[in-house]
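File shown here: target38.cif, holding mmCIF, C-alpha atoms.
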data_protein
loop_
_atom_site.label_atom_id
_atom_site.label_comp_id
_atom_site.auth_asym_id
_atom_site.auth_seq_id
_atom_site.Cartn_x
_atom_site.Cartn_y
_atom_site.Cartn_z
CA MET A 1 -56.88 -17.05 -68.09
CA GLU A 2 -55.24 -13.78 -69.10
CA THR A 3 -51.63 -13.04 -69.76
CA SER A 4 -49.30 -10.22 -68.81
CA THR A 5 -45.66 -9.40 -69.40
CA GLU A 6 -42.92 -9.18 -66.80
CA GLY A 7 -39.37 -8.49 -67.80
CA GLY A 8 -40.33 -9.01 -71.43
CA ALA A 9 -41.67 -12.55 -70.89
CA GLU A 10 -45.32 -13.50 -71.09
CA THR A 11 -46.68 -14.90 -67.83
CA ALA A 12 -50.10 -16.13 -66.79
CA VAL A 13 -52.38 -14.18 -64.48
CA ASP A 14 -54.61 -16.23 -62.20
CA ALA A 15 -58.32 -16.27 -62.78
CA PRO A 16 -60.50 -13.76 -60.90
CA GLY A 17 -60.96 -14.49 -57.23
CA THR A 18 -57.81 -16.50 -56.69
CA ALA A 19 -56.42 -16.30 -53.19
CA GLU A 20 -52.97 -15.08 -54.15
CA PRO A 21 -52.36 -11.69 -55.77
CA THR A 22 -50.23 -11.64 -58.90
CA VAL A 23 -47.18 -9.45 -59.45
CA ALA A 24 -47.04 -8.52 -63.13
CA VAL A 25 -46.11 -5.64 -65.38
CA ARG A 26 -48.86 -4.83 -67.84
CA PRO A 27 -50.51 -1.91 -69.63
CA GLY A 28 -54.14 -1.42 -68.82
CA PRO A 29 -57.59 -0.88 -70.32
CA VAL A 30 -58.84 2.46 -71.50
CA GLY A 31 -62.38 3.75 -71.86
CA GLU A 32 -65.12 6.02 -70.57
CA PRO A 33 -65.92 7.25 -67.04
CA ILE A 34 -67.92 4.91 -64.81
CA ALA A 35 -68.47 6.74 -61.56
CA ALA A 36 -69.56 10.17 -60.47
CA GLY A 37 -67.47 11.88 -57.87
CA GLN A 38 -65.46 14.92 -56.91
CA SER A 39 -62.08 15.20 -58.62
CA ASP A 40 -59.55 17.48 -56.96
CA ALA A 41 -56.00 17.95 -58.14
CA ASP A 42 -54.91 18.98 -54.66
CA ALA A 43 -56.79 16.22 -52.81
CA PRO A 44 -54.72 14.37 -50.25
CA VAL A 45 -53.21 11.11 -51.34
CA ALA A 46 -54.83 8.04 -49.98
CA ALA A 47 -52.75 6.29 -47.38
CA GLU A 48 -51.01 2.93 -47.09
CA ALA A 49 -52.76 -0.38 -46.49
CA GLU A 50 -53.58 -1.96 -43.14
CA ALA A 51 -51.10 -2.79 -40.42
CA GLU A 52 -50.35 -6.20 -41.93
CA ALA A 53 -48.41 -4.31 -44.61
CA ALA A 54 -46.20 -2.64 -42.01
CA PRO A 55 -42.87 -3.31 -43.77
CA THR A 56 -44.04 -1.27 -46.75
CA GLU A 57 -45.40 1.58 -44.66
CA ALA A 58 -42.32 1.57 -42.49
CA GLU A 59 -40.26 2.74 -45.43
CA THR A 60 -42.11 6.04 -45.53
CA GLY A 61 -43.55 6.37 -42.04
CA PRO A 62 -47.21 6.61 -41.05
CA VAL A 63 -49.49 8.64 -43.28
CA PRO A 64 -50.98 11.71 -41.54
CA ALA A 65 -54.67 12.33 -41.22
CA THR A 66 -56.44 14.52 -43.74
CA ASP A 67 -59.32 16.95 -43.44
CA ALA A 68 -61.61 14.28 -44.90
CA ASP A 69 -61.01 12.21 -41.76
CA ALA A 70 -61.58 15.01 -39.25
CA VAL A 71 -64.09 14.82 -36.44
CA PRO A 72 -66.20 18.01 -36.43
CA GLY A 73 -65.15 20.39 -33.70
CA THR A 74 -61.69 18.96 -33.03
CA ASP A 75 -59.63 21.14 -35.38
CA LYS A 76 -58.31 24.49 -34.15
CA ALA A 77 -60.79 26.59 -36.13
CA SER A 78 -63.76 24.61 -34.82
CA ARG A 79 -62.54 24.81 -31.24
CA ALA A 80 -62.06 28.55 -31.57
CA ALA A 81 -65.62 28.84 -32.87
CA GLY A 82 -66.93 26.85 -29.92
CA ILE A 83 -68.18 23.90 -31.98
CA THR A 84 -68.73 20.77 -29.89
CA PRO A 85 -66.66 17.78 -30.98
CA ALA A 86 -68.62 14.88 -32.46
CA ALA A 87 -67.99 11.17 -32.70
CA PRO A 88 -66.35 9.80 -35.87
CA ALA A 89 -68.91 9.51 -38.65
CA SER A 90 -67.00 7.90 -41.52
CA LEU A 91 -64.13 5.59 -42.29
CA SER A 92 -61.36 5.79 -44.88
CA PRO A 93 -58.72 3.14 -45.70
CA SER A 94 -55.99 5.09 -43.92
CA ARG A 95 -57.96 5.60 -40.74
CA ALA A 96 -59.12 1.97 -40.72
CA SER A 97 -55.44 1.06 -40.96
CA ASP A 98 -54.65 3.41 -38.08
CA PHE A 99 -57.15 1.74 -35.75
CA MET A 100 -55.92 -1.75 -36.62
CA GLN A 101 -52.34 -0.62 -36.08
CA CYS A 102 -53.00 1.28 -32.84
CA PRO A 103 -56.36 2.51 -31.47
CA LEU A 104 -54.64 5.35 -29.63
CA LEU A 105 -53.09 6.56 -32.89
CA TYR A 106 -56.58 6.66 -34.41
CA ARG A 107 -57.78 8.80 -31.51
CA PHE A 108 -54.83 11.19 -31.79
CA ARG A 109 -55.42 11.68 -35.52
CA VAL A 110 -59.20 11.63 -35.84
CA ILE A 111 -60.50 12.94 -32.51
CA ASP A 112 -57.66 14.97 -30.97
CA ARG A 113 -56.28 16.04 -34.36
CA LEU A 114 -52.79 16.38 -32.94
CA PRO A 115 -50.36 18.04 -35.35
CA GLU A 116 -47.80 15.90 -37.17
CA LYS A 117 -44.59 16.95 -38.84
CA PRO A 118 -44.31 16.45 -42.60
CA SER A 119 -41.83 13.82 -43.72
CA GLU A 120 -39.64 13.83 -46.82
CA ALA A 121 -40.94 10.43 -47.94
CA ALA A 122 -44.64 11.22 -47.58
CA THR A 123 -44.22 14.63 -49.19
CA ARG A 124 -42.32 13.09 -52.09
CA GLY A 125 -45.20 10.67 -52.53
CA THR A 126 -47.66 13.55 -52.73
CA LEU A 127 -45.46 15.31 -55.26
CA VAL A 128 -45.10 12.25 -57.50
CA HIS A 129 -48.86 11.61 -57.39
CA SER A 130 -49.59 15.16 -58.50
CA VAL A 131 -47.10 14.88 -61.40
CA LEU A 132 -48.64 11.62 -62.66
CA GLU A 133 -52.11 13.10 -62.41
CA ARG A 134 -51.21 16.27 -64.30
CA LEU A 135 -49.38 14.38 -67.04
CA PHE A 136 -52.72 13.11 -68.36
CA ASP A 137 -53.73 16.71 -69.11
CA ALA A 138 -51.42 16.46 -72.13
CA PRO A 139 -52.40 14.72 -75.39
CA ALA A 140 -51.48 11.04 -75.43
CA GLY A 141 -48.53 11.48 -77.77
CA GLU A 142 -46.95 14.08 -75.49
CA ARG A 143 -47.01 11.96 -72.34
CA THR A 144 -43.30 11.27 -72.27
CA ALA A 145 -40.81 10.79 -69.45
CA PRO A 146 -39.02 14.11 -70.14
CA ARG A 147 -42.32 15.97 -70.04
CA ALA A 148 -43.32 14.27 -66.79
CA LYS A 149 -39.99 15.10 -65.16
CA SER A 150 -40.35 18.71 -66.29
CA LEU A 151 -43.56 18.92 -64.24
CA VAL A 152 -41.78 18.21 -60.96
CA PRO A 153 -40.55 21.77 -60.17
CA GLY A 154 -43.92 23.36 -60.91
CA GLN A 155 -45.84 20.81 -58.86
CA TRP A 156 -43.39 21.32 -56.00
CA ASP A 157 -44.13 25.04 -56.12
CA ARG A 158 -47.87 24.29 -56.01
CA LEU A 159 -47.40 21.95 -53.08
CA ARG A 160 -45.48 24.57 -51.12
CA GLU A 161 -48.26 27.08 -51.75
CA SER A 162 -51.03 24.73 -50.67
CA ARG A 163 -49.11 23.23 -47.74
CA PRO A 164 -46.61 25.79 -46.44
CA GLU A 165 -45.52 23.45 -43.65
CA VAL A 166 -43.57 21.29 -46.12
CA VAL A 167 -41.05 24.12 -46.48
CA GLU A 168 -39.84 23.18 -42.99
CA LEU A 169 -38.40 19.98 -44.45
CA PHE A 170 -35.52 21.91 -45.99
CA ALA A 171 -35.20 24.79 -43.53
CA ASP A 172 -31.70 23.58 -42.62
CA ASP A 173 -30.62 23.34 -46.26
CA PRO A 174 -29.62 26.91 -47.18
CA GLU A 175 -27.60 25.86 -50.22
CA GLY A 176 -30.44 23.70 -51.53
CA GLU A 177 -28.27 20.61 -51.96
CA ARG A 178 -30.60 18.27 -50.07
CA LEU A 179 -33.64 19.69 -51.84
CA THR A 180 -31.96 19.10 -55.20
CA ARG A 181 -31.29 15.47 -54.32
CA TRP A 182 -34.85 15.06 -53.04
CA LEU A 183 -36.34 16.47 -56.23
CA GLY A 184 -34.02 14.21 -58.22
CA GLU A 185 -35.38 11.19 -56.34
CA ALA A 186 -38.90 12.28 -57.24
CA GLU A 187 -37.90 12.56 -60.90
CA ARG A 188 -36.43 9.05 -60.85
CA LEU A 189 -39.66 7.65 -59.42
CA VAL A 190 -41.66 9.41 -62.12
CA GLU A 191 -39.30 8.09 -64.81
CA ARG A 192 -39.57 4.53 -63.48
CA TRP A 193 -43.33 4.65 -63.93
CA PHE A 194 -42.80 4.64 -67.70
CA THR A 195 -41.21 1.19 -67.42
CA LEU A 196 -44.38 -0.11 -65.75
CA GLU A 197 -47.19 1.56 -67.69
CA ASP A 198 -47.53 3.29 -71.04
CA PRO A 199 -49.50 6.53 -70.57
CA THR A 200 -49.84 6.98 -74.33
CA ARG A 201 -52.18 3.96 -74.28
CA LEU A 202 -54.20 5.11 -71.28
CA GLU A 203 -57.14 7.49 -71.06
CA PRO A 204 -58.19 7.42 -67.41
CA ALA A 205 -61.89 7.67 -66.71
CA GLU A 206 -61.08 9.42 -63.42
CA ARG A 207 -58.06 10.78 -61.61
CA GLU A 208 -57.91 11.52 -57.87
CA LEU A 209 -61.55 10.49 -57.62
CA PHE A 210 -63.30 11.14 -54.30
CA VAL A 211 -65.77 8.34 -53.59
CA GLU A 212 -68.22 7.97 -50.74
CA THR A 213 -71.05 5.59 -49.94
CA GLU A 214 -73.19 4.67 -46.95
CA LEU A 215 -73.71 1.04 -46.06
CA ASP A 216 -77.06 -0.34 -44.88
CA SER A 217 -75.69 -0.17 -41.34
CA GLY A 218 -75.24 3.59 -41.66
CA LEU A 219 -71.44 3.38 -41.84
CA ARG A 220 -70.12 5.91 -44.33
CA LEU A 221 -67.05 4.87 -46.34
CA ARG A 222 -64.95 7.39 -48.21
CA GLY A 223 -61.64 7.64 -49.97
CA ILE A 224 -59.68 9.00 -52.92
CA ILE A 225 -58.79 6.70 -55.80
CA ASP A 226 -55.64 7.61 -57.75
CA ARG A 227 -56.91 6.40 -61.12
CA VAL A 228 -59.90 4.61 -62.60
CA ASP A 229 -59.57 2.98 -66.03
CA VAL A 230 -62.54 1.61 -67.95
CA ALA A 231 -62.16 -0.72 -70.93
CA PRO A 232 -64.38 -0.38 -74.03
CA THR A 233 -66.12 -3.53 -72.75
CA GLY A 234 -66.99 -1.72 -69.53
CA GLU A 235 -64.53 -3.54 -67.26
CA VAL A 236 -63.22 -1.34 -64.47
CA ARG A 237 -59.68 -1.19 -63.14
CA ILE A 238 -58.72 0.68 -59.97
CA VAL A 239 -55.10 1.84 -59.84
CA ASP A 240 -53.09 3.18 -56.93
CA TYR A 241 -49.53 4.53 -57.09
CA LYS A 242 -47.06 3.75 -54.30
CA THR A 243 -43.68 5.45 -54.10
CA GLY A 244 -42.32 2.78 -51.75
CA LYS A 245 -41.29 -0.79 -52.48
CA ALA A 246 -43.63 -3.72 -53.04
CA PRO A 247 -44.29 -5.76 -49.89
CA ARG A 248 -42.89 -9.21 -49.39
CA PRO A 249 -45.25 -12.00 -50.51
CA GLU A 250 -46.41 -12.70 -46.96
CA TYR A 251 -47.63 -9.10 -46.67
CA ALA A 252 -49.26 -8.83 -50.11
CA GLU A 253 -52.78 -9.53 -48.83
CA GLY A 254 -52.49 -6.72 -46.30
CA ALA A 255 -51.31 -4.34 -48.99
CA LEU A 256 -54.50 -5.03 -50.95
CA PHE A 257 -56.79 -3.98 -48.09
CA GLN A 258 -56.98 -0.40 -49.34
CA MET A 259 -57.82 -1.55 -52.86
CA LYS A 260 -60.55 -3.92 -51.71
CA PHE A 261 -61.96 -1.05 -49.65
CA TYR A 262 -62.21 1.05 -52.82
CA ALA A 263 -63.69 -1.87 -54.75
CA LEU A 264 -66.37 -2.22 -52.08
CA VAL A 265 -67.26 1.47 -52.36
CA VAL A 266 -67.48 1.29 -56.17
CA TRP A 267 -69.61 -1.83 -55.94
CA ARG A 268 -71.99 -0.21 -53.48
CA LEU A 269 -72.16 2.97 -55.54
CA LYS A 270 -72.51 1.52 -59.03
CA ASN A 271 -73.31 -2.16 -58.52
CA VAL A 272 -70.15 -2.93 -60.49
CA ILE A 273 -67.36 -5.17 -59.22
CA PRO A 274 -64.03 -3.85 -60.51
CA ARG A 275 -62.35 -6.33 -62.84
CA ARG A 276 -58.87 -5.56 -61.54
CA LEU A 277 -57.17 -3.90 -58.60
CA GLN A 278 -53.65 -2.69 -59.34
CA LEU A 279 -50.92 -1.32 -57.10
CA VAL A 280 -47.99 0.29 -58.92
CA TYR A 281 -44.86 0.34 -56.76
CA LEU A 282 -42.49 2.94 -58.13
CA GLY A 283 -39.86 2.31 -55.45
CA SER A 284 -39.17 -1.23 -56.61
CA GLY A 285 -40.63 -1.26 -60.11
CA ASP A 286 -43.32 -3.85 -59.35
CA VAL A 287 -47.02 -4.05 -60.15
CA LEU A 288 -49.28 -5.98 -57.80
CA THR A 289 -52.65 -7.01 -59.28
CA TYR A 290 -55.71 -8.76 -57.92
CA ASP A 291 -59.02 -9.64 -59.56
CA PRO A 292 -61.74 -9.48 -56.89
CA VAL A 293 -65.00 -11.40 -56.74
CA LEU A 294 -68.16 -10.71 -54.77
CA ALA A 295 -67.06 -12.84 -51.84
CA ASP A 296 -63.95 -10.64 -51.42
CA LEU A 297 -66.03 -7.50 -51.10
CA GLU A 298 -68.50 -9.11 -48.72
CA ARG A 299 -65.61 -10.17 -46.47
CA VAL A 300 -64.17 -6.67 -46.50
CA GLU A 301 -67.56 -5.23 -45.61
CA ARG A 302 -67.91 -7.59 -42.65
CA LYS A 303 -64.41 -6.68 -41.51
CA LEU A 304 -65.17 -2.96 -41.71
CA LEU A 305 -68.43 -3.35 -39.81
CA ALA A 306 -66.62 -5.19 -37.01
CA LEU A 307 -63.91 -2.54 -37.03
CA TRP A 308 -66.46 0.27 -36.88
CA GLU A 309 -68.18 -1.40 -33.91
CA ALA A 310 -64.84 -1.45 -32.09
CA ILE A 311 -64.31 2.25 -32.93
CA ARG A 312 -67.83 3.04 -31.69
CA GLN A 313 -67.17 1.31 -28.38
CA ALA A 314 -63.84 3.07 -27.93
CA THR A 315 -65.51 6.40 -28.73
CA GLU A 316 -68.22 5.86 -26.14
CA THR A 317 -65.94 4.58 -23.39
CA GLY A 318 -62.89 6.71 -24.08
CA ASP A 319 -60.81 3.53 -24.05
CA TRP A 320 -58.17 4.07 -26.74
CA ARG A 321 -55.30 1.78 -25.86
CA PRO A 322 -51.86 1.91 -27.43
CA ARG A 323 -50.66 -1.13 -29.36
CA PRO A 324 -46.86 -1.08 -29.45
CA THR A 325 -45.20 -2.19 -32.69
CA LYS A 326 -42.00 -1.36 -34.53
CA LEU A 327 -43.93 1.45 -36.24
CA CYS A 328 -43.92 3.33 -32.93
CA GLY A 329 -40.51 4.63 -33.90
CA TRP A 330 -42.16 6.65 -36.69
CA CYS A 331 -44.90 8.11 -34.50
CA ASP A 332 -45.00 11.86 -33.81
CA HIS A 333 -47.09 11.36 -30.67
CA GLN A 334 -44.68 9.63 -28.31
CA GLU A 335 -44.89 12.51 -25.81
CA HIS A 336 -48.63 11.79 -25.45
CA CYS A 337 -48.35 8.00 -25.43
CA PRO A 338 -48.35 6.01 -22.16
CA GLU A 339 -45.96 3.49 -23.74
CA PHE A 340 -43.35 6.26 -23.78
CA GLY A 341 -44.26 7.75 -20.42
CA GLY A 342 -46.60 10.36 -21.89
CA THR A 343 -50.17 11.33 -21.09
CA PRO A 344 -52.91 11.73 -23.71
CA PRO A 345 -54.68 15.10 -23.82
CA PRO A 346 -58.05 15.37 -22.04
CA TYR A 347 -60.66 13.37 -23.91
CA PRO A 348 -62.90 15.87 -25.76
CA LEU A 349 -65.97 13.64 -26.13
CA PRO A 350 -68.49 12.55 -23.47
CA VAL A 351 -67.87 9.15 -21.90
CA THR A 352 -70.99 7.05 -21.51
CA SER A 353 -69.47 4.00 -19.82
CA ALA A 354 -66.21 4.66 -18.04
CA ALA A 355 -65.96 1.59 -15.83
CA GLY A 356 -62.47 0.13 -16.20
CA THR A 357 -61.89 1.90 -19.49
CA GLN A 358 -58.84 4.02 -18.85
CA GLY A 359 -56.44 1.09 -18.37
CA ARG A 360 -53.00 2.32 -19.37
CA MET A 361 -54.43 5.54 -20.75
CA GLY A 362 -54.17 7.57 -17.58
CA PRO A 363 -56.80 10.05 -16.31
CA ASP A 364 -58.68 12.47 -18.56
#

Would you write the structure of this file as structure tokens?
Amino acid sequence: METSTEGGAETAVDAPGTAEPTVAVRPGPVGEPIAAGQSDADAPVAAEAEAEAAPTEAETGPVPATDADAVPGTDKASRAAGITPAAPASLSPSRASDFMQCPLLYRFRVIDRLPEKPSEAATRGTLVHSVLERLFDAPAGERTAPRAKSLVPGQWDRLRESRPEVVELFADDPEGERLTRWLGEAERLVERWFTLEDPTRLEPAERELFVETELDSGLRLRGIIDRVDVAPTGEVRIVDYKTGKAPRPEYAEGALFQMKFYALVVWRLKNVIPRRLQLVYLGSGDVLTYDPVLADLERVERKLLALWEAIRQATETGDWRPRPTKLCGWCDHQEHCPEFGGTPPPYPLPVTSAAGTQGRMGPD
């Protein structure tokens, strides 16, 4: 049994592999890199966990698709070049979550690549992630809250340059008052992080680490891990920052789906089971931890294989049905959704078995 501190009091952390995740505030291990991968300061932030964690995601709205999730030939440049669309070839935590939440949403994001408007919450999350990543460029003794907050304006400028569409968020704010409040909220999230972790005691092995592996089935898994810590003993910790609030206890398992996905990829890549999975919720000041065992990763792999088979069948038949939930209110694609009286765009991929597949989808 290990111990951690929460609110200044020492509390026990369950042994590895326990069914219930533990909420605890604790500093983490430091050490040397453990995995090879592509690190990119401007890489898109990995998305929220599966649909079971809906209350957490609902605070910020659905996470848009990224270029890493694109189907070849479905983006505007590919269409202009006459490239034929192809079936999905890989799966990320965010897109797995999309399919479980609503198969039609998965199609709109991965196959049709319909545009989505930026949101203040998601953009603030991207900004905070970039600040926390860049802070570790400084020597340990200089990783202070004032320094981190001072990085916010510069990282906002970088974000506007790399993603000009985010400027639209404040197009109706000529005096800059709303932007000032929004940046202040980002600074408060950054400052709260210092109450949860001590960056002067951390030397991340990796930051914004792109990972990818192919399972024996041929399914390719990919994602971007916010931070990887490695202890001198070699134990690995995977850390993900969330700018929303921690989920209620009944949704905690769903929130860990993304982390178990990453643990599976690391295990398949390096034959190492991460010692700890850690979600840092800056919105509520909570830290959710889980110590996985082999059986956890095997279950996640079976779940992903079943999910991928369902995606394969939907791809071949063109049967992408909507699944109405309260998250529909956040969706940018209501005008294309049959649940709202809309019609999906023509299906860009060949249909191999169309019998009875359109259902509520309407004609191609």

Separation of CA of Cys337 in chain A from CA of Arg321 in chain A in Å: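 Those two atoms sit 9.3 Å apart.
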
Give as a JSON list (two decimals) with C-alpha atoms, in the frame of the given file the residues that the PyMOL selection byres ((chain A and resi 225) around 6) matches when applied to the coordinates above.
[["chain", "number", "residue", "atom", "x", "y", "z"],
["A", 208, "GLU", "CA", -57.91, 11.52, -57.87],
["A", 209, "LEU", "CA", -61.55, 10.49, -57.62],
["A", 224, "ILE", "CA", -59.68, 9.00, -52.92],
["A", 226, "ASP", "CA", -55.64, 7.61, -57.75],
["A", 227, "ARG", "CA", -56.91, 6.40, -61.12]]

Translate the PyMOL selection byres ((chain A and resi 188) around 12), as applied to the file shown, into an explicit residue set as a list in words. Arg124, Val128, Ala145, Pro146, Ala148, Lys149, Ser150, Val152, Arg181, Trp182, Leu183, Gly184, Glu185, Ala186, Glu187, Leu189, Val190, Glu191, Arg192, Trp193, Phe194, Thr195, Thr243, Leu282, Gly283, Ser284 and Gly285 of chain A

Quick one: which residues end up in the PyMOL selection byres ((chain A and resi 298) around 12) for this structure, as a PyMOL selection string? chain A and resi 215+260-261+263-265+267-268+273+292-297+299-305

For those residues, write C-alpha atoms to a file as a PDB file, keeping the file's coordinate frame.
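Okay, this is what ended up in result25.pdb:
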ATOM      1  CA  LEU A 215     -73.710   1.040 -46.060  1.00  0.00           C
ATOM      2  CA  LYS A 260     -60.550  -3.920 -51.710  1.00  0.00           C
ATOM      3  CA  PHE A 261     -61.960  -1.050 -49.650  1.00  0.00           C
ATOM      4  CA  ALA A 263     -63.690  -1.870 -54.750  1.00  0.00           C
ATOM      5  CA  LEU A 264     -66.370  -2.220 -52.080  1.00  0.00           C
ATOM      6  CA  VAL A 265     -67.260   1.470 -52.360  1.00  0.00           C
ATOM      7  CA  TRP A 267     -69.610  -1.830 -55.940  1.00  0.00           C
ATOM      8  CA  ARG A 268     -71.990  -0.210 -53.480  1.00  0.00           C
ATOM      9  CA  ILE A 273     -67.360  -5.170 -59.220  1.00  0.00           C
ATOM     10  CA  PRO A 292     -61.740  -9.480 -56.890  1.00  0.00           C
ATOM     11  CA  VAL A 293     -65.000 -11.400 -56.740  1.00  0.00           C
ATOM     12  CA  LEU A 294     -68.160 -10.710 -54.770  1.00  0.00           C
ATOM     13  CA  ALA A 295     -67.060 -12.840 -51.840  1.00  0.00           C
ATOM     14  CA  ASP A 296     -63.950 -10.640 -51.420  1.00  0.00           C
ATOM     15  CA  LEU A 297     -66.030  -7.500 -51.100  1.00  0.00           C
ATOM     16  CA  ARG A 299     -65.610 -10.170 -46.470  1.00  0.00           C
ATOM     17  CA  VAL A 300     -64.170  -6.670 -46.500  1.00  0.00           C
ATOM     18  CA  GLU A 301     -67.560  -5.230 -45.610  1.00  0.00           C
ATOM     19  CA  ARG A 302     -67.910  -7.590 -42.650  1.00  0.00           C
ATOM     20  CA  LYS A 303     -64.410  -6.680 -41.510  1.00  0.00           C
ATOM     21  CA  LEU A 304     -65.170  -2.960 -41.710  1.00  0.00           C
ATOM     22  CA  LEU A 305     -68.430  -3.350 -39.810  1.00  0.00           C
TER      23      LEU A 305
END

Counting all atoms listed in the file, which residues of range 98-137 of chain A fall within 12 Å of range 327-333 of chain A, and what is the closest atom pair for each with its distance in Å at one decimal, ordered by chain and rising number, as CSV?
residue,atom,partner,partner_atom,distance
A:Asp98,CA,A:Leu327,CA,11.1
A:Gln101,CA,A:Leu327,CA,8.7
A:Cys102,CA,A:Cys328,CA,9.3
A:Leu104,CA,A:His333,CA,9.7
A:Leu105,CA,A:His333,CA,8.0
A:Tyr106,CA,A:His333,CA,11.2
A:Arg107,CA,A:His333,CA,11.0
A:Phe108,CA,A:His333,CA,7.8
A:Arg109,CA,A:His333,CA,9.6
A:Asp112,CA,A:His333,CA,11.2
A:Arg113,CA,A:His333,CA,11.0
A:Leu114,CA,A:His333,CA,7.9
A:Pro115,CA,A:Asp332,CA,8.3
A:Glu116,CA,A:Asp332,CA,6.0
A:Lys117,CA,A:Asp332,CA,7.2
A:Pro118,CA,A:Asp332,CA,9.9
A:Ser119,CA,A:Trp330,CA,10.0
A:Ala121,CA,A:Trp330,CA,11.9

Nearest to Glu309 in chain A, chosen from A:Val211, A:Leu219, A:Val110, A:Leu269, with all atoms listed in the file counted in the distances: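 Under the stated criterion, the closest residue is A:Leu219.
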
Hey, can you pull every residue with an atom no more than 10 Å from (-44.4, 16.6, -45.6), using only C-alpha atoms, and send it as number ranges by chain? A: 63-64, 116-127, 159-160, 163-169

A:Tyr281, A:Tyr262, A:Trp320, A:Tyr347 ranked by distance to Ser94 in chain A, top pick (using only C-alpha atoms):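 Ranked by minimum distance to Ser94 in chain A, first place goes to A:Tyr262.
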
Give as a VMD selection string every residue, naming chains and numbers as the document does, that has an atom within 9 Å of (-64.8, 2.7, -36.4), counting only C-alpha atoms. chain A and resid 88 to 91 95 to 96 99 219 304 to 315

What does the distance from CA of Ala255 in chain A to CA of Thr200 in chain A come to in Å, to one decimal?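 Taking CA of Ala255 in chain A and CA of Thr200 in chain A, their separation equals 27.8 Å.
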
Go through A:Ala140, A:Ala246, A:Met259, A:Val236 and flag the residue nearest Arg201 in chain A, using only C-alpha atoms for the distances.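 The shortest atom-to-atom distance to Arg201 in chain A comes from A:Ala140.
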
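As for CA of Glu206 in chain A and CA of Asp240 in chain A, they are spaced 12.0 Å apart.
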
Please return the centre and edge lengths, in Å to one decimal, of a box with edges along x, y and z that contains all listed atoms of range 300-316 of chain A, widened by 3 Å on every side, as AutoDock Vina command-line options.
--center_x -66.1 --center_y -0.6 --center_z -36.3 --size_x 10.6 --size_y 20.0 --size_z 26.4

Which residues are near Leu135 in chain A? Cut-off 9 Å, all atoms listed in the file, ignore same chain within fewer than 3 positions. Put them as a list in words.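 Returned residues: Ser130, Val131, Leu132, Ala138, Pro139, Glu142, Arg143, Thr144, Arg147, Ala148, Leu151 and Pro199 of chain A.
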
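Nearest residue to Tyr251 in chain A among A:Pro204, A:Pro346, A:Gln334, A:Leu288 is A:Leu288, counting all atoms listed in the file.
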